[in-house]
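Everything below concerns the one structure shown next.
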Amino acid sequence: MKKVSVAIVGMGGRGRNTYGRMLQRIDNAYIAAIADIKPDALEESAKEFGIEKANCYTSAEELLKQPKLADILCICTPDECHVSQAVAALEKGYHLLLEKPIATTPEDCRTVRDAANKSNSLVVVCHVLRYTPLYSEVKRIIDSGEIGEVVTLNAIERVMYWHQAHSFVRGNWRNKALSAPMILAKSCHDMDIIRFLIGKKCQKVSSFGSLYHFKEENAPEGSTARCKDCPVENCIYNAYDLYLPLVHEDSTWWPANILAADPTKENVKKAIDEGPYGRCVYRCDNDVVDQQVVNMLFEGGVTANFTMTAFTNTGERGVFVMGTKGEIRADFKENIIHVYPFGKEERHIDVTTLTDDFSGHGGGDIVMLRNLVDAVYNGEAPSYQISESLESHFMAFAAEESRLSGGIPFDVE
């Protein structure tokens, strides 16, 4: 059987841990080449996936200098790299799986869109929530007309206290000058799923939010710049307590595998001792918000509200959809969709009965990847492409403009 070839750039995180491993479960695809600027990530990935040295490259740019190496290129590099790498790949004729965000400015997002339109390539942005069993079923119920016309939607993203500390205080997305504002880097997923469920164009956005807690004025008395030297006991953000319990002989879990390509107790401890993930969460160079609310006005007067907060114990999303004939309540933590048609018997859908694979973003990653591979294999269009992802980015940009302007509404364009 002919197989779809895939190259992956950025093996230090989702490139290896998600797409690389999931591609091994897809019968009609294989990994043809990989690239990463970190030698250990490249070496460990090559070993895990059986990639010959000749097909391993020390950067995305080095890989993109070669003749076209695969049918699909997965771009899993830092946010600021996306535009140059995506445009270069499209000019080479690659189909793309592009990690969100598309780019960090509206102008660069349009540049990637224009390059995609100019090429004959498929571009799927990793707005993975669209592909999850939970949100797919919520969308199916909405489109069936069972709850009438959608009037109001409320959504929440519970980032979780230690996830905020890992990714958005100590990690790669901590500073908007280095990556993007929180509403884009993390919550363009949520802007996209809100737009997807409502199915209408967003017209205006207003937003409030701030960096409320993770700043020096809130540091415990006597604390130091690094966990290694800190005398404060029972700190909930102590890096050793957060990461080391995740390293086991038979299993290593995210986010410990971000600290070291092949995590052991020893090299994770060394990474905490010496690297960015051992810094005090109150004394980092972070400036992205840790809580934000967004209000949205859609065509026809439909309204939506979104809350992103770091201050939760678990990291799940939830959504309430209120229509003219009923409402839907759904939550990733519970994994049950509650449907309440007005004046009729309520019903409850156990999402675990809809699929037997919930790996990666509630089961969405594998569906998204298979969807693109099958589209390339069959010469068809995938379910969603870059044009549908662009509007959610513009919603996020407008939300950030509004937040910085004190909540003044901004048009989405």
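Each chain in the structure tokens gets a letter, A, B, ..., in the order shown, and its residues are numbered from 1; ligands are numbered from 1 in order too.
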
Might you pull out every residue within 9 Å of A:Ile272, with only C-alpha atoms counted and same-chain residues fewer than 6 positions away left off, and present them as a PyMOL selection string? chain A and resi 226-228+239-240+243+259+278-279

How would the residues just picked look written out with N, CA and C atoms as an mmCIF file, in the first residue's frame?
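Dumped everything to again28.cif:
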```
data_model
loop_
_atom_site.group_PDB
_atom_site.id
_atom_site.type_symbol
_atom_site.label_atom_id
_atom_site.label_comp_id
_atom_site.auth_asym_id
_atom_site.auth_seq_id
_atom_site.Cartn_x
_atom_site.Cartn_y
_atom_site.Cartn_z
ATOM 1 N N ARG A 226 15.560 31.018 42.808
ATOM 2 C CA ARG A 226 15.469 29.666 42.287
ATOM 3 C C ARG A 226 14.990 28.712 43.390
ATOM 4 N N CYS A 227 14.251 27.689 42.979
ATOM 5 C CA CYS A 227 13.774 26.680 43.940
ATOM 6 C C CYS A 227 14.940 25.979 44.633
ATOM 7 N N LYS A 228 16.050 25.861 43.926
ATOM 8 C CA LYS A 228 17.216 25.157 44.460
ATOM 9 C C LYS A 228 17.694 25.756 45.779
ATOM 10 N N ALA A 239 9.471 23.466 42.046
ATOM 11 C CA ALA A 239 9.688 22.736 40.799
ATOM 12 C C ALA A 239 10.016 21.268 41.027
ATOM 13 N N TYR A 240 10.760 20.967 42.076
ATOM 14 C CA TYR A 240 11.110 19.571 42.358
ATOM 15 C C TYR A 240 9.854 18.755 42.681
ATOM 16 N N TYR A 243 7.783 18.350 39.132
ATOM 17 C CA TYR A 243 8.292 17.571 38.007
ATOM 18 C C TYR A 243 8.795 16.173 38.368
ATOM 19 N N LEU A 259 11.497 19.075 30.039
ATOM 20 C CA LEU A 259 12.753 19.459 30.680
ATOM 21 C C LEU A 259 13.934 18.664 30.135
ATOM 22 N N GLY A 278 13.401 25.869 36.919
ATOM 23 C CA GLY A 278 13.699 25.898 38.345
ATOM 24 C C GLY A 278 13.617 27.282 38.939
ATOM 25 N N ARG A 279 13.141 28.248 38.168
ATOM 26 C CA ARG A 279 13.034 29.615 38.669
ATOM 27 C C ARG A 279 11.800 29.798 39.553
#
```

Based on DSSP run over this structure's backbone, return all residues of stretch 101-170 of chain A in helix (DSSP H, G or I), as a short mmCIF file (atom, residue, chain, number, x, y, z; two decimals) with C-alpha atoms, in the first residue's frame.
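Listing of part.cif after writing:
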```cif
data_model
loop_
_atom_site.label_atom_id
_atom_site.label_comp_id
_atom_site.auth_asym_id
_atom_site.auth_seq_id
_atom_site.Cartn_x
_atom_site.Cartn_y
_atom_site.Cartn_z
CA PRO A 106 -2.39 39.81 11.91
CA GLU A 107 -0.10 40.75 9.01
CA ASP A 108 1.90 37.54 9.28
CA CYS A 109 -1.28 35.47 9.53
CA ARG A 110 -2.44 37.01 6.26
CA THR A 111 0.97 36.27 4.70
CA VAL A 112 0.61 32.57 5.50
CA ARG A 113 -2.98 32.55 4.26
CA ASP A 114 -1.96 34.20 0.99
CA ALA A 115 0.87 31.71 0.51
CA ALA A 116 -1.58 28.87 1.13
CA ASN A 117 -4.04 30.31 -1.39
CA LYS A 118 -1.29 30.70 -3.95
CA VAL A 128 -7.71 20.38 17.60
CA LEU A 129 -10.83 20.96 19.70
CA ARG A 130 -12.95 20.84 16.54
CA TYR A 131 -12.01 17.17 16.14
CA PRO A 133 -15.68 13.67 20.28
CA LEU A 134 -17.16 16.09 22.83
CA TYR A 135 -17.21 19.23 20.69
CA SER A 136 -18.03 17.31 17.50
CA GLU A 137 -21.15 15.93 19.19
CA VAL A 138 -22.11 19.34 20.62
CA LYS A 139 -21.83 20.79 17.11
CA ARG A 140 -23.92 17.94 15.67
CA ILE A 141 -26.68 18.61 18.24
CA ILE A 142 -26.64 22.36 17.50
CA ASP A 143 -26.82 21.76 13.74
CA SER A 144 -29.72 19.30 14.21
CA TYR A 161 -2.33 26.43 38.47
CA TRP A 162 0.76 24.31 37.69
CA HIS A 163 0.18 24.35 33.91
CA GLN A 164 0.20 28.15 34.07
CA ALA A 165 3.43 28.00 36.05
CA HIS A 166 5.04 25.54 33.65
CA SER A 167 4.10 27.02 30.27
CA PHE A 168 3.19 30.65 30.88
CA VAL A 169 5.40 31.71 33.80
#
```

Test item: residues at most 10 Å from A:Gly301, only C-alpha atoms, excluding those fewer than 5 positions along its chain, as a PyMOL selection string: chain A and resi 151-152+202-203+296

Do a neighbour search on A:Asp287 at 7 Å with only C-alpha atoms, toss out local chain neighbours closer than 2 positions, and write the hits as a PyMOL selection string. chain A and resi 174-176+211+285+289

Any chance you can output those residues with C-alpha atoms as a short mmCIF file (atom, residue, chain, number, x, y, z; two decimals), in the first residue's frame?
```cif
data_model
loop_
_atom_site.label_atom_id
_atom_site.label_comp_id
_atom_site.auth_asym_id
_atom_site.auth_seq_id
_atom_site.Cartn_x
_atom_site.Cartn_y
_atom_site.Cartn_z
CA ARG A 174 5.66 33.34 29.36
CA ASN A 175 6.45 36.57 27.57
CA LYS A 176 4.40 37.97 24.71
CA LEU A 211 -1.26 39.41 35.28
CA ASP A 285 10.36 37.54 33.14
CA VAL A 289 -2.03 37.43 31.74
#
```

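With only C-alpha atoms as the basis for measurement, A:Tyr237 is the residue among A:Phe306, A:Tyr237, A:Phe49, A:Trp173 that approaches A:Cys280 most closely.
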
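Minimum distance to A:Ile193 across A:Ala304, A:Ala310, A:Ala54, A:Cys235 (counting only C-alpha atoms) occurs at A:Ala304.
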
Please run DSSP on the backbone and report, as JSON, numbers by chain, all residues within stretch 56-87 of chain A that come out as strand (DSSP E). {"A": [56, 57, 72, 73, 74, 75]}
